[in-house]
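Shown next: input_18.cif, containing mmCIF, C-alpha atoms.
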```cif
data_my_file
#
loop_
_atom_site.label_atom_id
_atom_site.label_comp_id
_atom_site.auth_asym_id
_atom_site.auth_seq_id
_atom_site.Cartn_x
_atom_site.Cartn_y
_atom_site.Cartn_z
CA MET A 1 -6.12 104.70 97.57
CA LYS A 2 -7.23 105.63 101.04
CA THR A 3 -3.76 105.00 102.47
CA THR A 4 -2.16 107.16 99.80
CA LYS A 5 -4.51 110.04 100.57
CA LEU A 6 -3.59 109.93 104.25
CA SER A 7 0.14 109.97 103.51
CA VAL A 8 -0.24 113.03 101.25
CA ASP A 9 -2.25 114.85 103.92
CA ASP A 10 0.34 113.97 106.55
CA SER A 11 3.16 115.41 104.38
CA ALA A 12 1.23 118.65 103.81
CA ALA A 13 0.57 118.96 107.51
CA LYS A 14 4.22 118.40 108.35
CA GLU A 15 5.27 121.06 105.79
CA GLU A 16 2.82 123.57 107.28
CA ILE A 17 4.13 122.81 110.77
CA SER A 18 7.72 123.22 109.60
CA ILE A 19 7.06 126.63 108.01
CA HIS A 20 5.07 127.68 111.08
CA GLU A 21 7.97 126.69 113.34
CA MET A 22 10.47 128.61 111.21
CA LEU A 23 8.34 131.74 111.27
CA LEU A 24 7.88 131.37 115.01
CA MET A 25 11.65 130.97 115.48
CA PHE A 26 12.42 134.09 113.41
CA ARG A 27 9.82 136.08 115.32
CA ASN A 28 11.15 135.00 118.69
CA SER A 29 14.72 135.69 117.59
CA TYR A 30 13.74 139.16 116.39
CA ARG A 31 11.96 139.94 119.66
CA TYR A 32 14.91 138.58 121.64
CA LEU A 33 17.36 140.80 119.75
CA LEU A 34 15.07 143.80 120.29
CA SER A 35 15.14 143.08 124.01
CA LYS A 36 18.94 143.25 123.85
CA TRP A 37 19.06 146.49 121.87
CA LEU A 38 21.03 148.31 124.52
CA ALA A 39 23.78 145.70 124.61
CA ILE A 40 23.90 145.61 120.81
CA ALA A 41 24.08 149.41 120.71
CA ILE A 42 26.94 149.43 123.22
CA VAL A 43 28.89 146.82 121.24
CA SER A 44 28.24 148.77 118.02
CA LEU A 45 29.50 151.94 119.69
CA LEU A 46 32.64 150.12 120.80
CA GLY A 47 33.04 148.90 117.22
CA ALA A 48 32.70 152.46 115.93
CA ILE A 49 35.36 153.64 118.36
CA SER A 50 37.64 150.77 117.33
CA GLY A 51 37.10 151.56 113.64
CA LEU A 52 37.90 155.22 114.22
CA ALA A 53 41.04 154.32 116.17
CA TYR A 54 42.12 151.91 113.40
CA SER A 55 41.66 154.57 110.72
CA ILE A 56 43.83 156.96 112.74
CA ILE A 57 46.54 154.47 113.69
CA LYS A 58 46.73 152.60 110.38
CA LYS A 59 49.32 154.22 108.15
CA PRO A 60 48.47 154.78 104.48
CA THR A 61 50.13 152.55 101.92
CA TYR A 62 51.67 153.63 98.61
CA THR A 63 51.65 151.47 95.50
CA ALA A 64 54.28 151.93 92.78
CA ASN A 65 53.48 150.42 89.37
CA CYS A 66 55.89 149.83 86.52
CA VAL A 67 54.48 148.49 83.25
CA PHE A 68 56.69 147.31 80.41
CA VAL A 69 56.38 145.25 77.26
CA LEU A 70 58.71 142.34 76.52
CA GLU A 71 59.31 141.45 72.89
CA ASP A 72 61.35 138.29 72.45
CA ASN A 73 62.21 138.20 68.74
CA SER A 74 61.78 134.92 66.94
CA LYS A 75 64.43 133.67 64.54
CA SER A 76 63.85 134.21 60.84
CA GLY A 77 64.28 131.49 58.28
CA LEU A 78 66.98 133.46 56.44
CA LEU A 79 69.03 133.83 59.60
CA SER A 80 68.71 130.11 60.25
CA GLN A 81 70.06 129.43 56.77
CA TYR A 82 73.02 131.69 57.47
CA ALA A 83 73.59 129.83 60.72
CA GLY A 84 73.58 126.54 58.84
CA LEU A 85 76.20 127.80 56.42
CA ALA A 86 78.30 129.08 59.28
CA SER A 87 78.06 125.75 61.11
CA MET A 88 79.30 123.96 57.96
CA ALA A 89 82.40 126.12 58.24
CA GLY A 90 82.80 125.09 61.86
CA ILE A 91 81.51 128.37 63.27
CA ASP A 92 78.79 128.46 65.93
CA ILE A 93 77.06 131.85 65.91
CA GLY A 94 74.88 130.83 68.83
CA GLY A 95 71.26 130.79 69.85
CA ILE A 96 69.64 130.10 66.49
CA ALA A 97 67.96 126.85 67.45
CA GLY A 98 65.67 128.64 69.87
CA GLY A 99 64.74 127.61 73.39
CA GLY A 100 66.59 128.60 76.50
CA VAL A 101 66.28 129.28 80.17
CA PHE A 102 63.62 131.99 79.94
CA GLN A 103 60.60 130.88 78.01
CA GLY A 104 56.96 131.92 78.49
CA ASP A 105 56.22 133.31 81.93
CA ASN A 106 59.53 132.34 83.52
CA ILE A 107 60.53 135.98 83.75
CA LEU A 108 57.68 136.47 86.24
CA GLU A 109 59.30 133.95 88.56
CA LEU A 110 62.65 135.67 88.08
CA TYR A 111 61.16 138.79 89.67
CA LYS A 112 60.28 136.74 92.76
CA SER A 113 63.67 135.08 93.12
CA ARG A 114 65.80 135.67 96.19
CA THR A 115 68.76 136.71 94.03
CA MET A 116 66.92 139.59 92.35
CA ILE A 117 65.12 140.83 95.48
CA GLU A 118 68.30 140.63 97.55
CA LYS A 119 70.31 142.45 94.89
CA THR A 120 67.69 145.20 94.79
CA LEU A 121 67.53 145.52 98.57
CA LEU A 122 71.31 145.91 98.67
CA ASN A 123 71.22 148.74 96.12
CA LYS A 124 71.44 152.32 97.29
CA GLY A 125 68.73 154.88 96.73
CA ASN A 126 68.58 158.63 97.18
CA PHE A 127 66.05 159.52 99.88
CA ASN A 128 65.66 163.27 100.22
CA GLY A 129 69.27 163.92 99.28
CA ARG A 130 70.70 161.09 101.41
CA ASP A 131 72.05 157.84 99.96
CA GLN A 132 70.90 154.78 101.86
CA LEU A 133 70.66 151.05 101.23
CA LEU A 134 67.10 150.05 100.40
CA ILE A 135 67.20 147.29 103.00
CA GLU A 136 68.26 149.80 105.67
CA ARG A 137 65.41 152.12 104.65
CA TYR A 138 62.89 149.28 104.88
CA ILE A 139 64.18 148.26 108.32
CA ASP A 140 63.98 151.85 109.56
CA PHE A 141 60.42 152.72 108.53
CA ASN A 142 59.14 149.33 109.75
CA LYS A 143 61.05 149.75 113.07
CA LEU A 144 62.40 146.21 113.01
CA ARG A 145 65.56 146.79 115.04
CA PRO A 146 63.83 147.04 118.48
CA GLY A 147 62.27 143.62 117.88
CA TRP A 148 65.61 142.14 116.92
CA LYS A 149 67.19 143.59 120.04
CA LYS A 150 64.59 141.91 122.23
CA SER A 151 64.90 138.53 120.53
CA THR A 152 68.63 138.40 119.76
CA GLY A 153 70.14 141.29 121.69
CA ILE A 154 71.51 142.72 118.41
CA ASP A 155 70.31 146.03 117.00
CA ASN A 156 73.33 147.29 115.02
CA ILE A 157 73.25 144.84 112.11
CA SER A 158 74.74 146.36 108.96
CA PHE A 159 74.33 145.12 105.41
CA ASN A 160 77.27 146.92 103.84
CA GLY A 161 79.94 144.76 102.29
CA ASP A 162 80.02 141.62 100.17
CA PRO A 163 76.76 139.59 100.37
CA GLN A 164 78.83 136.43 99.96
CA LYS A 165 80.41 137.17 103.34
CA PHE A 166 77.17 137.83 105.23
CA SER A 167 76.78 136.17 108.61
CA ARG A 168 74.08 133.61 109.40
CA ILE A 169 71.94 136.32 111.04
CA GLN A 170 72.25 138.64 108.02
CA ASP A 171 71.31 135.83 105.62
CA SER A 172 68.36 134.91 107.83
CA ILE A 173 67.07 138.51 107.83
CA VAL A 174 67.37 138.76 104.04
CA THR A 175 65.52 135.45 103.65
CA ASN A 176 62.67 136.66 105.87
CA LEU A 177 62.42 139.94 103.98
CA VAL A 178 62.32 138.14 100.62
CA ASP A 179 59.47 135.99 101.96
CA VAL A 180 57.58 139.08 103.14
CA PHE A 181 58.01 140.81 99.79
CA ASN A 182 56.77 137.80 97.83
CA LYS A 183 53.76 137.11 100.06
CA LYS A 184 52.57 140.59 101.01
CA LEU A 185 54.22 143.47 99.16
CA LEU A 186 55.27 142.52 95.64
CA SER A 187 52.95 141.69 92.76
CA ILE A 188 54.08 140.53 89.30
CA VAL A 189 51.24 139.95 86.84
CA LYS A 190 50.45 139.86 83.13
CA PRO A 191 47.15 141.76 82.73
CA ASP A 192 46.51 139.93 79.48
CA LYS A 193 47.82 136.39 78.98
CA LYS A 194 47.90 136.91 75.21
CA LEU A 195 50.21 139.93 75.44
CA ASN A 196 53.77 140.24 76.73
CA ILE A 197 52.88 143.21 78.92
CA ILE A 198 54.07 142.83 82.52
CA ASN A 199 53.02 144.90 85.52
CA VAL A 200 55.34 145.10 88.53
CA SER A 201 53.85 146.71 91.63
CA LEU A 202 55.02 147.18 95.20
CA THR A 203 52.93 148.40 98.14
CA THR A 204 54.58 149.73 101.30
CA GLU A 205 54.08 152.48 103.86
CA ASP A 206 57.00 154.51 102.45
CA GLU A 207 56.27 156.33 99.20
CA LEU A 208 59.88 156.90 98.14
CA PHE A 209 60.85 153.33 98.99
CA SER A 210 58.03 151.91 96.88
CA LYS A 211 59.07 154.01 93.90
CA ILE A 212 62.83 153.44 94.09
CA PHE A 213 62.61 149.72 94.87
CA THR A 214 60.25 149.09 91.94
CA GLU A 215 62.50 150.97 89.51
CA GLN A 216 65.63 149.20 90.74
CA LEU A 217 64.01 145.76 90.65
CA VAL A 218 62.80 146.23 87.07
CA GLU A 219 66.23 147.45 85.99
CA ASN A 220 68.10 144.59 87.70
CA VAL A 221 65.82 141.84 86.41
CA ASN A 222 65.68 143.17 82.86
CA GLN A 223 69.46 143.54 82.66
CA PHE A 224 69.95 140.02 83.99
CA TYR A 225 67.34 138.71 81.55
CA ILE A 226 69.01 140.34 78.54
CA GLN A 227 72.51 139.25 79.57
CA THR A 228 71.41 135.66 80.07
CA LYS A 229 69.44 135.51 76.82
CA THR A 230 72.34 136.89 74.80
CA LYS A 231 75.25 135.28 76.66
CA LYS A 232 75.96 132.54 74.10
CA ALA A 233 75.63 134.85 71.09
CA TYR A 234 77.79 137.49 72.81
CA GLN A 235 80.51 134.93 73.53
CA SER A 236 80.48 133.88 69.86
CA VAL A 237 80.90 137.51 68.77
CA ALA A 238 83.77 137.98 71.23
CA ILE A 239 85.57 134.85 70.01
CA LEU A 240 85.17 135.76 66.35
CA GLN A 241 86.27 139.34 67.05
CA HIS A 242 89.42 138.03 68.77
CA GLN A 243 90.14 135.73 65.81
CA ALA A 244 89.57 138.57 63.36
CA ASP A 245 91.97 140.83 65.26
CA SER A 246 94.61 138.08 65.40
CA VAL A 247 94.38 137.28 61.69
CA LYS A 248 94.42 141.01 60.87
CA ASN A 249 97.69 141.36 62.79
CA VAL A 250 99.15 138.42 60.89
CA LEU A 251 98.00 139.93 57.60
CA ASP A 252 99.56 143.27 58.48
CA ARG A 253 102.87 141.58 59.32
CA SER A 254 102.75 139.62 56.05
CA ILE A 255 102.18 142.79 54.03
CA ASN A 256 105.08 144.45 55.83
CA GLY A 257 107.17 141.36 55.12
CA VAL A 258 106.49 141.57 51.40
CA ALA A 259 107.55 145.20 51.40
CA SER A 260 110.70 144.41 53.38
CA ALA A 261 111.63 141.52 51.06
CA MET A 262 111.24 143.74 48.01
CA ASP A 263 113.24 146.51 49.66
CA ALA A 264 116.05 144.05 50.37
CA THR A 265 116.63 143.51 46.67
CA PRO A 266 115.54 146.70 44.97
CA SER A 267 117.53 146.05 41.77
CA ALA A 268 117.43 142.28 41.61
CA ASN A 269 118.86 140.55 38.56
CA PRO A 270 115.89 139.18 36.57
CA ASN A 271 117.92 136.09 35.73
CA LEU A 272 118.39 135.18 39.41
CA LEU A 273 114.98 133.73 40.35
CA SER A 274 116.14 132.82 43.83
CA LEU A 275 116.15 136.48 44.73
CA ARG A 276 112.36 136.60 44.24
CA VAL A 277 111.61 133.69 46.57
CA PRO A 278 111.36 135.65 49.88
CA SER A 279 108.93 138.19 48.47
CA GLN A 280 106.83 135.47 46.77
CA LYS A 281 106.59 133.54 50.06
CA ARG A 282 105.38 136.68 51.77
CA GLN A 283 102.82 137.23 49.05
CA VAL A 284 101.49 133.69 49.54
CA ASP A 285 101.15 134.45 53.28
CA VAL A 286 99.31 137.66 52.42
CA GLN A 287 96.88 135.84 50.13
CA ALA A 288 96.20 133.09 52.70
CA SER A 289 95.73 135.57 55.52
CA SER A 290 93.46 137.72 53.34
CA ALA A 291 91.21 134.77 52.49
CA MET A 292 91.07 133.68 56.14
CA TYR A 293 90.37 137.22 57.34
CA ALA A 294 87.55 137.66 54.81
CA GLU A 295 85.90 134.41 55.96
CA ILE A 296 86.18 135.33 59.64
CA VAL A 297 84.78 138.81 59.00
CA LYS A 298 81.81 137.28 57.20
CA ASN A 299 81.12 134.93 60.10
CA LEU A 300 81.58 137.81 62.53
CA GLU A 301 78.87 139.78 60.80
CA LEU A 302 76.56 136.76 60.97
CA ALA A 303 77.28 136.46 64.67
CA ARG A 304 76.46 140.12 65.19
CA ILE A 305 73.15 139.65 63.38
CA SER A 306 72.45 136.70 65.65
CA LEU A 307 73.27 138.78 68.72
CA GLN A 308 70.87 141.49 67.62
CA GLN A 309 68.21 138.86 66.96
CA GLU A 310 68.77 137.26 70.37
CA THR A 311 68.54 140.55 72.25
CA PRO A 312 64.96 140.95 73.55
CA LEU A 313 63.31 144.35 73.38
CA ILE A 314 62.13 145.62 76.75
CA GLN A 315 60.24 148.89 76.52
CA ILE A 316 59.02 150.67 79.63
CA ILE A 317 55.45 151.88 79.15
CA ASP A 318 54.65 153.41 82.56
CA LYS A 319 57.12 154.28 85.31
CA PRO A 320 56.13 155.01 88.91
CA VAL A 321 55.64 158.77 89.23
CA LEU A 322 55.17 160.77 92.43
CA PRO A 323 52.70 161.11 93.99
CA LEU A 324 52.00 157.39 94.06
CA GLU A 325 48.62 155.75 94.40
CA ILE A 326 47.64 155.96 98.07
CA LYS A 327 45.36 153.64 100.00
CA LYS A 328 44.06 154.49 103.45
CA VAL A 329 41.01 153.87 105.62
CA GLY A 330 39.00 157.07 106.07
CA LYS A 331 37.53 157.96 109.45
CA VAL A 332 33.93 157.76 108.22
CA VAL A 333 34.55 154.39 106.59
CA GLY A 334 36.30 153.16 109.73
CA VAL A 335 33.38 154.20 111.95
CA LEU A 336 30.76 152.63 109.65
CA LEU A 337 32.69 149.39 109.36
CA GLY A 338 33.16 149.33 113.11
CA ILE A 339 29.39 149.75 113.69
CA VAL A 340 28.52 146.99 111.19
CA VAL A 341 31.08 144.56 112.57
CA GLY A 342 30.12 145.35 116.19
CA ALA A 343 26.40 144.88 115.52
CA PHE A 344 27.02 141.65 113.63
CA VAL A 345 29.19 140.20 116.40
CA ALA A 346 26.66 141.16 119.10
CA CYS A 347 23.71 139.72 117.15
CA ALA A 348 25.60 136.52 116.41
CA TYR A 349 26.48 136.14 120.08
CA PHE A 350 22.89 136.58 121.28
CA LEU A 351 21.50 134.27 118.56
CA VAL A 352 23.93 131.52 119.54
CA LYS A 353 22.96 132.04 123.17
CA LEU A 354 19.26 131.84 122.21
CA MET A 355 19.75 128.61 120.30
CA GLY A 356 21.63 127.17 123.27
CA GLN A 357 18.66 127.89 125.51
CA GLY A 358 16.27 126.26 123.01
CA ILE A 359 13.95 129.26 122.84
CA GLY A 360 11.72 129.32 119.83
CA MET A 361 12.87 125.87 118.66
#
```
What would you get if you wrote out this structure as structure tokens?
Amino acid sequence: MKTTKLSVDDSAAKEEISIHEMLLMFRNSYRYLLSKWLAIAIVSLLGAISGLAYSIIKKPTYTANCVFVLEDNSKSGLLSQYAGLASMAGIDIGGIAGGGVFQGDNILELYKSRTMIEKTLLNKGNFNGRDQLLIERYIDFNKLRPGWKKSTGIDNISFNGDPQKFSRIQDSIVTNLVDVFNKKLLSIVKPDKKLNIINVSLTTEDELFSKIFTEQLVENVNQFYIQTKTKKAYQSVAILQHQADSVKNVLDRSINGVASAMDATPSANPNLLSLRVPSQKRQVDVQASSAMYAEIVKNLELARISLQQETPLIQIIDKPVLPLEIKKVGKVVGVLLGIVVGAFVACAYFLVKLMGQGIGM
């Protein structure tokens, strides 16, 4: 019992010593920092000047937002039944089974693809009455050509012409720009995972560029999305329409043939049955062509219903409107941040120096 009492007393004493040492260390650190107030004030002043300079030099950024809703219609049971009947007749009206390339959030990745960003950059936009490629506009306001001239000796790179015939340098520049857009400038998000509402935003230092690029990107991606989703159904409609036109031409010729055969023997002897054979053959052709045409027309209408069902509804909710949302560092904020950062750096430096000297430890 006596030994246990001593161990408890020793632990209490050690705890009191530890707290006393911590308080002593904080007090000495505080006094040491007070002794360096002039140096800390000078560093804080330099931080304030740096913050002010940053707020003046840093260009404001403009964010363009485009919000749209994507409704991908599901297939109804009745339409599936029609598709089954059509398939029994050897007609594929396309896309009824569901599934496909774009499911779920895949359209978000489509916005970040090189193909879509490159296509948008190579579109032209109207900037203050002057048509200019978006990629050329981006290069100009970011002043990229002087850097290229220093590194490669080339400053007159043009992006007009067929992208498939771009040189290695042109492709390399486009690749770098796509990487910059995906990592720093472009944001594609679904504010609510339960809803098919998508927000596309772009932040750059050029207000018109942000607006035009965002609008063009949304238009390009949505058109590509719709065309890809409806490609199979559209091909089925085109094939059936071609068949319907062909059979209709045959039917028209058969009807004309019946009329011509009857005109050839206007007063045929009723006892000579052979004279009726040509017109009867034509009538059989007309009946066969009529039945075939009716079946193809029915399947064509089913295919058109399928195409309408396959076509997703994309409705723009909010378009980017000038003036865009602007973000910039104010002078007061820059000065205050500079003072805080400067004071923190100076205090951290002196505390590390104090700990290195072992003062107050």
(Q) Can you translate the PyMOL selection byres ((chain A and resi 182) around 12) into the concrete residues it hits in this file, as a list in words? (A)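 With the PyMOL selection byres ((chain A and resi 182) around 12) on this model, the match is Leu108, Glu109, Leu110, Tyr111, Lys112, Ser113, Arg114, Met116, Ile117, Glu118, Thr175, Asn176, Leu177, Val178, Asp179, Val180, Phe181, Lys183, Lys184, Leu185, Leu186, Ser187, Ile188, Val200, Ser201, Leu202 and Thr203 of chain A.
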(Q) For this structure, which residues satisfy the selection - the PyMOL selection byres ((chain A and resi 300) around 10) - when it is evaluated on the file as given? I want them as a list in words. (A)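 Residues picked by the PyMOL selection byres ((chain A and resi 300) around 10): Ala86, Ile91, Ile93, Ser236, Val237, Ala238, Ile239, Leu240, Gln241, Gln243, Ala244, Ala294, Glu295, Ile296, Val297, Lys298, Asn299, Glu301, Leu302, Ala303, Arg304, Ile305 and Ser306 of chain A.
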Q.
For this structure, which residues satisfy the selection - the PyMOL selection byres ((chain A and resi 340) around 12) - when it is evaluated on the file as given? I want them as a ChimeraX atom specification.
A. /A:40-41,43-51,333-339,341-347
Q) What is the distance, in Å and to one decimal place, between CA of Gln315 in chain A and CA of Val189 in chain A? A)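 These atoms are spaced 16.4 Å apart.
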**Q.** Among the residues A:Lys328, A:Lys194, A:Lys353, A:Lys319, the one that comes closest to Phe68 in chain A [using only C-alpha atoms]
**A.**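 Nearest to Phe68 in chain A: A:Lys319.
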Once 3 Å is added on each side, what centre and edge lengths in Å to one decimal does the axis-aligned box around all listed atoms of range 331-346 of chain A have, as lines of an AutoDock Vina configuration file?
```
center_x = 32.0
center_y = 149.1
center_z = 112.8
size_x = 17.1
size_y = 23.8
size_z = 18.5
```
(Q) Just to confirm, what's the straight-line distance from CA of Ser18 in chain A to CA of Tyr30 in chain A in Å (one decimal)? (A)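 So the two atoms, CA of Ser18 in chain A and CA of Tyr30 in chain A, lie 18.3 Å apart.
Compared by their closest atoms to Pro323 in chain A, and using all atoms listed in the file, the residues A:Cys66, A:Leu208, A:Ala348, A:Ile42 rank with A:Leu208 nearest.
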Q: For each of A:Met292, A:Ile157, A:Val332, A:Met25, take the minimum atom-to-atom distance to Leu251 in chain A, counting all atoms listed in the file, then give the residue where this is smallest.
A: A:Met292
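Distances here use all atoms listed in the file; by that measure, the residue among A:Asn65, A:Ser172, A:Gly356, A:Tyr349 closest to Val321 in chain A is A:Asn65.
Distance-wise, CA of Asn249 in chain A and CA of Ser290 in chain A end up 11.0 Å apart.
Using all atoms listed in the file, the nearest neighbour of Val218 in chain A within the list A:Gly161, A:Pro146, A:Gly125, A:Pro320 is A:Pro320.
Closest approach to Ile139 in chain A from the set A:Phe209, A:Tyr225, A:Tyr32, A:Phe166 is made by A:Phe209, with distances taken over all atoms listed in the file.
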Q.
Neighbouring residues of Pro312 in chain A were defined as those with any atom within 9 Å, considering all atoms listed in the file; residues of the same chain fewer than 3 positions away were excluded. Please report them as a VMD selection string.
A. chain A and resid 70 to 73 225 to 226 229 to 230 308 to 309
Q.
Report as a ChimeraX atom specification all protein, DNA and RNA residues lying within 12 Å of range 26-29 of chain A, evaluated on all atoms listed in the file, omitting residues in the same chain fewer than 3 positions from it.
A. /A:19-23,32-36,347-348,350-355,357-361
